[in-house]
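Student: Before I ask anything, let me first share the structure, which is written out below as structure tokens.
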There are 2 protein chains.
Amino acid sequence: MSPAATMDDTAATGALEQAADDLFYVHGVAGVSMAQIRDRSGVSLRRMYSICPSKSDLVSLWLRARHRVWMDGFSVAVSRNLATGSDPTDAVFDALASWMTATNFRGCGFINTHAESSELTEQHVEIIRGHKQSLARYLSSISADGDALAILVDGAIVQAAMFGSVEPIVHARRAARMMFEERP
Amino acid sequence: MSPAATMDDTAATGALEQAADDLFYVHGVAGVSMAQIRDRSGVSLRRMYSICPSKSDLVSLWLRARHRVWMDGFSVAVSRNLATGSDPTDAVFDALASWMTATNFRGCGFINTHAESSELTEQHVEIIRGHKQSLARYLSSISADGDALAILVDGAIVQAAMFGSVEPIVHARRAARMMFEERP
DNA sequence: TCATGATGAGAACGAGTATTCTCACCTGGC
DNA sequence: GCCAGGTGAGAATACTCGTTCTCATCATGA
């Protein structure tokens, strides 16, 4: 074999995913250069291009990794809330609220990347749609109308990002409560 | 006076707003160069920079113009629907649906511009927040919970853009109907 | 020990960008 | 007719970026 001096391919890929998440999420894809990814990850340009033949492939790698990590964190948080007796509405919006108050919150990385229309490829669009479908499927598994809830969730995330505030969560939670309220 | 050979300042500004809307909305701010704006508008670079001293100022000009045009078109469409007897929910989502099926629909220009975090200035953020506050105020004037409705609207727009489909309107309309349904 | 092949550091390349500058031209006032 | 000042076309400037190339280095297998 010929493993690298300090990092094998698995470690290098992981370092790239982490650096891409740190930088692309905060500054957008167009706002981050390959040189910045190299500096942040410690992976040389040569190795970056042997793992991802183009910046577009690096974006795909990042989106797939972020999908895994985000869905995992979100569903774990929701499950924890459900286990303490919250109803699905509170479980979902409490999980969102604590994500939003974490440092560096800048909205949904998938929505934001899709909004950067210039450098977007068909592959990126597929990953982004897959993420949103996966989220809607998960919400459907815990609530009576997952598709409607998914729209409230995306609307709340987008508004929270634009206003730099968690207040939209209050409105979205109220909307969900009104939707799912039992009718005599 | 010294008006331009073929265009006075008002006409040049209007041509810039139109070209910016054609190009920035579809390709994003970072995806359009000043030279492309010149080609599309017919306004020379020299004149562009005398009207807007930087690209960032051109973006502000565009956002303000788009706010005026979009809010006008939207509120007129909603009023027309209300006048024919639609309830507020149908009036709003029918207006959105016909906007979305127009050519070149690419989601909300304000949300998209905010998502392009790299070239965003504080002035842009103010205009974007002003637009969303204006929309929420308008929705509050025609419905019982304008803030909740605004979140459904933004969620539906964002999802329609990502999936290239008007189907999210169906889910959002259903959610609004459930929210505003009379309870005995 | 020596040749091999992969690696990292960084220079090089080619394209694209925002912004400024040059200069020939044209218009309006005298 | 003639001048002054503003104008358009586009060259020039001073970058930045994605991608490729060079070359010295170094671990490995014979």
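We name chains A, B, ... following the order of the structure tokens; residues begin at 1 in each chain, and ligands are numbered from 1 as shown.
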Could you give me, as CSV, every chain D residue with an atom at most 12 Å from range 39-58 of chain B, plus its closest atom pair and distance in Å to one decimal, counting only C-alpha atoms (C1' of nucleotides), rows ordered by chain then number?

Tutor:
```
residue,atom,partner,partner_atom,distance
D:DG6,C1',B:Arg47,CA,10.7
D:DT7,C1',B:Arg47,CA,8.4
D:DG8,C1',B:Ser44,CA,6.4
D:DA9,C1',B:Ser44,CA,8.3
D:DG10,C1',B:Leu45,CA,9.8
```

Student: Run DSSP on the backbone and give me the residues of range 1-104 of chain A it puts in alpha helix (DSSP H), as a ChimeraX atom specification.

Tutor: /A:9-27,34-41,45-51,55-83,88-100

Student: Counting only C-alpha atoms (C1' of nucleotides), which residues of chain C come no farther than 8 Å from chain A, as an MDAnalysis selection string?

Tutor: chainID C and resid 6:8

Student: What is the distance, in Å and to one decimal place, between CA of Ser79 in chain B and CA of Gly146 in chain B?

Tutor: 15.7 Å

Student: Could you give me, as CSV, a per-residue list for chain A showing, wherever an atom lies at most 7 Å from an atom of chain B, the closest pair of atoms and their distance in Å to one decimal, using only C-alpha atoms and sorting by chain then residue number from low to high?

Tutor:
```
residue,atom,partner,partner_atom,distance
A:His27,CA,B:Ser118,CA,5.4
A:Gly28,CA,B:Ser117,CA,5.8
A:Gly31,CA,B:Ser118,CA,5.0
A:Asn112,CA,B:Ala115,CA,4.8
A:His114,CA,B:Met162,CA,6.9
A:Ala115,CA,B:Asn112,CA,4.8
A:Glu116,CA,B:Glu116,CA,6.0
A:Ser117,CA,B:His27,CA,5.5
A:Ser118,CA,B:Gly31,CA,5.0
A:Arg129,CA,B:Phe163,CA,6.6
A:Asp147,CA,B:His171,CA,6.2
A:Ala148,CA,B:His171,CA,5.1
A:Ile151,CA,B:Gly155,CA,4.7
A:Leu152,CA,B:Leu152,CA,5.6
A:Asp154,CA,B:Gly155,CA,5.0
A:Gly155,CA,B:Gly155,CA,3.7
A:Ala156,CA,B:Ile151,CA,6.0
A:Met162,CA,B:Arg129,CA,6.8
A:Phe163,CA,B:Arg129,CA,6.6
A:His171,CA,B:Ala148,CA,5.1
A:Ala172,CA,B:Ala148,CA,5.9
A:Ala175,CA,B:Ala148,CA,5.7
A:Met178,CA,B:Met179,CA,4.9
A:Met179,CA,B:Met179,CA,4.7
A:Arg183,CA,B:Arg183,CA,7.0
```

Student: With N, CA and C atoms retained, export the selected residues as a short mmCIF file (atom, residue, chain, number, x, y, z; two decimals), in the first residue's frame.

Tutor:
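again-v9.cif, written as the output of this step:
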```cif
data_model
loop_
_atom_site.label_atom_id
_atom_site.label_comp_id
_atom_site.auth_asym_id
_atom_site.auth_seq_id
_atom_site.Cartn_x
_atom_site.Cartn_y
_atom_site.Cartn_z
N HIS A 27 -19.97 30.89 4.66
CA HIS A 27 -19.69 31.91 3.64
C HIS A 27 -20.30 31.61 2.28
N GLY A 28 -20.95 30.48 2.12
CA GLY A 28 -21.48 30.10 0.82
C GLY A 28 -20.41 29.45 -0.04
N GLY A 31 -18.23 31.88 -1.93
CA GLY A 31 -17.43 32.73 -1.07
C GLY A 31 -16.22 32.05 -0.47
N ASN A 112 -29.71 27.38 1.15
CA ASN A 112 -28.76 28.43 0.77
C ASN A 112 -27.96 28.05 -0.46
N HIS A 114 -28.82 25.94 -2.79
CA HIS A 114 -29.69 26.00 -3.96
C HIS A 114 -29.92 27.43 -4.42
N ALA A 115 -29.96 28.36 -3.48
CA ALA A 115 -30.19 29.76 -3.85
C ALA A 115 -29.01 30.37 -4.59
N GLU A 116 -27.82 29.81 -4.42
CA GLU A 116 -26.65 30.28 -5.17
C GLU A 116 -26.69 29.69 -6.56
N SER A 117 -27.56 30.18 -7.40
CA SER A 117 -27.86 29.46 -8.64
C SER A 117 -26.66 29.31 -9.57
N SER A 118 -25.64 30.16 -9.46
CA SER A 118 -24.63 30.17 -10.52
C SER A 118 -23.82 28.88 -10.62
N ARG A 129 -32.66 18.00 -3.06
CA ARG A 129 -34.04 17.48 -3.03
C ARG A 129 -34.14 16.24 -2.16
N ASP A 147 -45.96 16.87 5.33
CA ASP A 147 -45.66 17.80 4.24
C ASP A 147 -45.95 19.24 4.66
N ALA A 148 -47.10 19.45 5.33
CA ALA A 148 -47.41 20.80 5.79
C ALA A 148 -46.41 21.24 6.87
N ILE A 151 -43.16 22.47 5.43
CA ILE A 151 -43.21 23.84 4.91
C ILE A 151 -43.06 24.85 6.04
N LEU A 152 -43.72 24.58 7.16
CA LEU A 152 -43.55 25.46 8.32
C LEU A 152 -42.10 25.47 8.80
N ASP A 154 -39.31 24.82 7.03
CA ASP A 154 -38.45 25.57 6.10
C ASP A 154 -38.71 27.07 6.20
N GLY A 155 -39.98 27.44 6.30
CA GLY A 155 -40.29 28.87 6.43
C GLY A 155 -39.69 29.46 7.69
N ALA A 156 -39.76 28.72 8.78
CA ALA A 156 -39.21 29.22 10.04
C ALA A 156 -37.68 29.33 9.97
N MET A 162 -32.86 35.16 8.10
CA MET A 162 -32.90 36.53 7.59
C MET A 162 -32.97 37.55 8.71
N PHE A 163 -33.73 37.25 9.77
CA PHE A 163 -33.89 38.22 10.84
C PHE A 163 -32.88 38.02 11.96
N HIS A 171 -43.99 31.83 15.87
CA HIS A 171 -45.11 31.88 14.93
C HIS A 171 -45.36 30.50 14.29
N ALA A 172 -44.28 29.83 13.93
CA ALA A 172 -44.44 28.53 13.28
C ALA A 172 -45.04 27.51 14.25
N ALA A 175 -48.65 28.16 14.53
CA ALA A 175 -49.34 27.68 13.33
C ALA A 175 -49.54 26.17 13.40
N MET A 178 -52.21 25.25 15.87
CA MET A 178 -53.55 25.49 15.33
C MET A 178 -53.92 24.40 14.32
N MET A 179 -52.95 23.98 13.51
CA MET A 179 -53.22 22.95 12.51
C MET A 179 -53.64 21.62 13.15
N ARG A 183 -60.25 18.84 17.01
CA ARG A 183 -61.52 19.56 16.80
C ARG A 183 -62.65 18.71 17.36
#
```

Student: Would you give me, as a PyMOL selection string, the residues of chain D that come within 9 Å of chain A, using only C-alpha atoms (C1' of nucleotides)?

Tutor: chain D and resi 17-19+26-28

Student: Give me the residues within 8 Å of Ile37 in chain B as a PyMOL selection string, counting only C-alpha atoms (C1' of nucleotides) and dropping any in the same chain fewer than 5 places off.

Tutor: chain B and resi 16+19-20+23+32

Student: Export N, CA and C atoms of the chosen residues as a PDB file, in the first residue's frame?

Tutor:
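Below is the file part.pdb, written as the result:
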```pdb
ATOM      1  N   LEU B  16     -31.230  50.034 -15.861  1.00  0.00           N
ATOM      2  CA  LEU B  16     -30.376  49.265 -14.948  1.00  0.00           C
ATOM      3  C   LEU B  16     -31.220  48.378 -14.043  1.00  0.00           C
ATOM      4  N   ALA B  19     -32.500  45.424 -16.141  1.00  0.00           N
ATOM      5  CA  ALA B  19     -31.439  44.465 -16.466  1.00  0.00           C
ATOM      6  C   ALA B  19     -31.016  43.701 -15.217  1.00  0.00           C
ATOM      7  N   ALA B  20     -30.885  44.419 -14.099  1.00  0.00           N
ATOM      8  CA  ALA B  20     -30.496  43.762 -12.853  1.00  0.00           C
ATOM      9  C   ALA B  20     -31.535  42.720 -12.461  1.00  0.00           C
ATOM     10  N   LEU B  23     -31.243  39.631 -14.663  1.00  0.00           N
ATOM     11  CA  LEU B  23     -30.031  38.815 -14.522  1.00  0.00           C
ATOM     12  C   LEU B  23     -29.775  38.375 -13.076  1.00  0.00           C
ATOM     13  N   VAL B  32     -23.451  37.174 -11.958  1.00  0.00           N
ATOM     14  CA  VAL B  32     -23.641  38.180 -13.018  1.00  0.00           C
ATOM     15  C   VAL B  32     -22.554  39.242 -12.893  1.00  0.00           C
TER      16      VAL B  32
END
```

Student: Can you measure CA of Gly73 in chain B to CA of Ala12 in chain B for me? One decimal in Å is fine.

Tutor: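 About the pair CA of Gly73 in chain B and CA of Ala12 in chain B: they are 23.0 Å apart.
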
Student: Do you know which residues are at most 8 Å from range 165-167 of chain A counting only C-alpha atoms (C1' of nucleotides), after dropping those on the same chain fewer than 5 positions away, and could you put them as a PyMOL selection string?

Tutor: chain A and resi 97+100-101+160
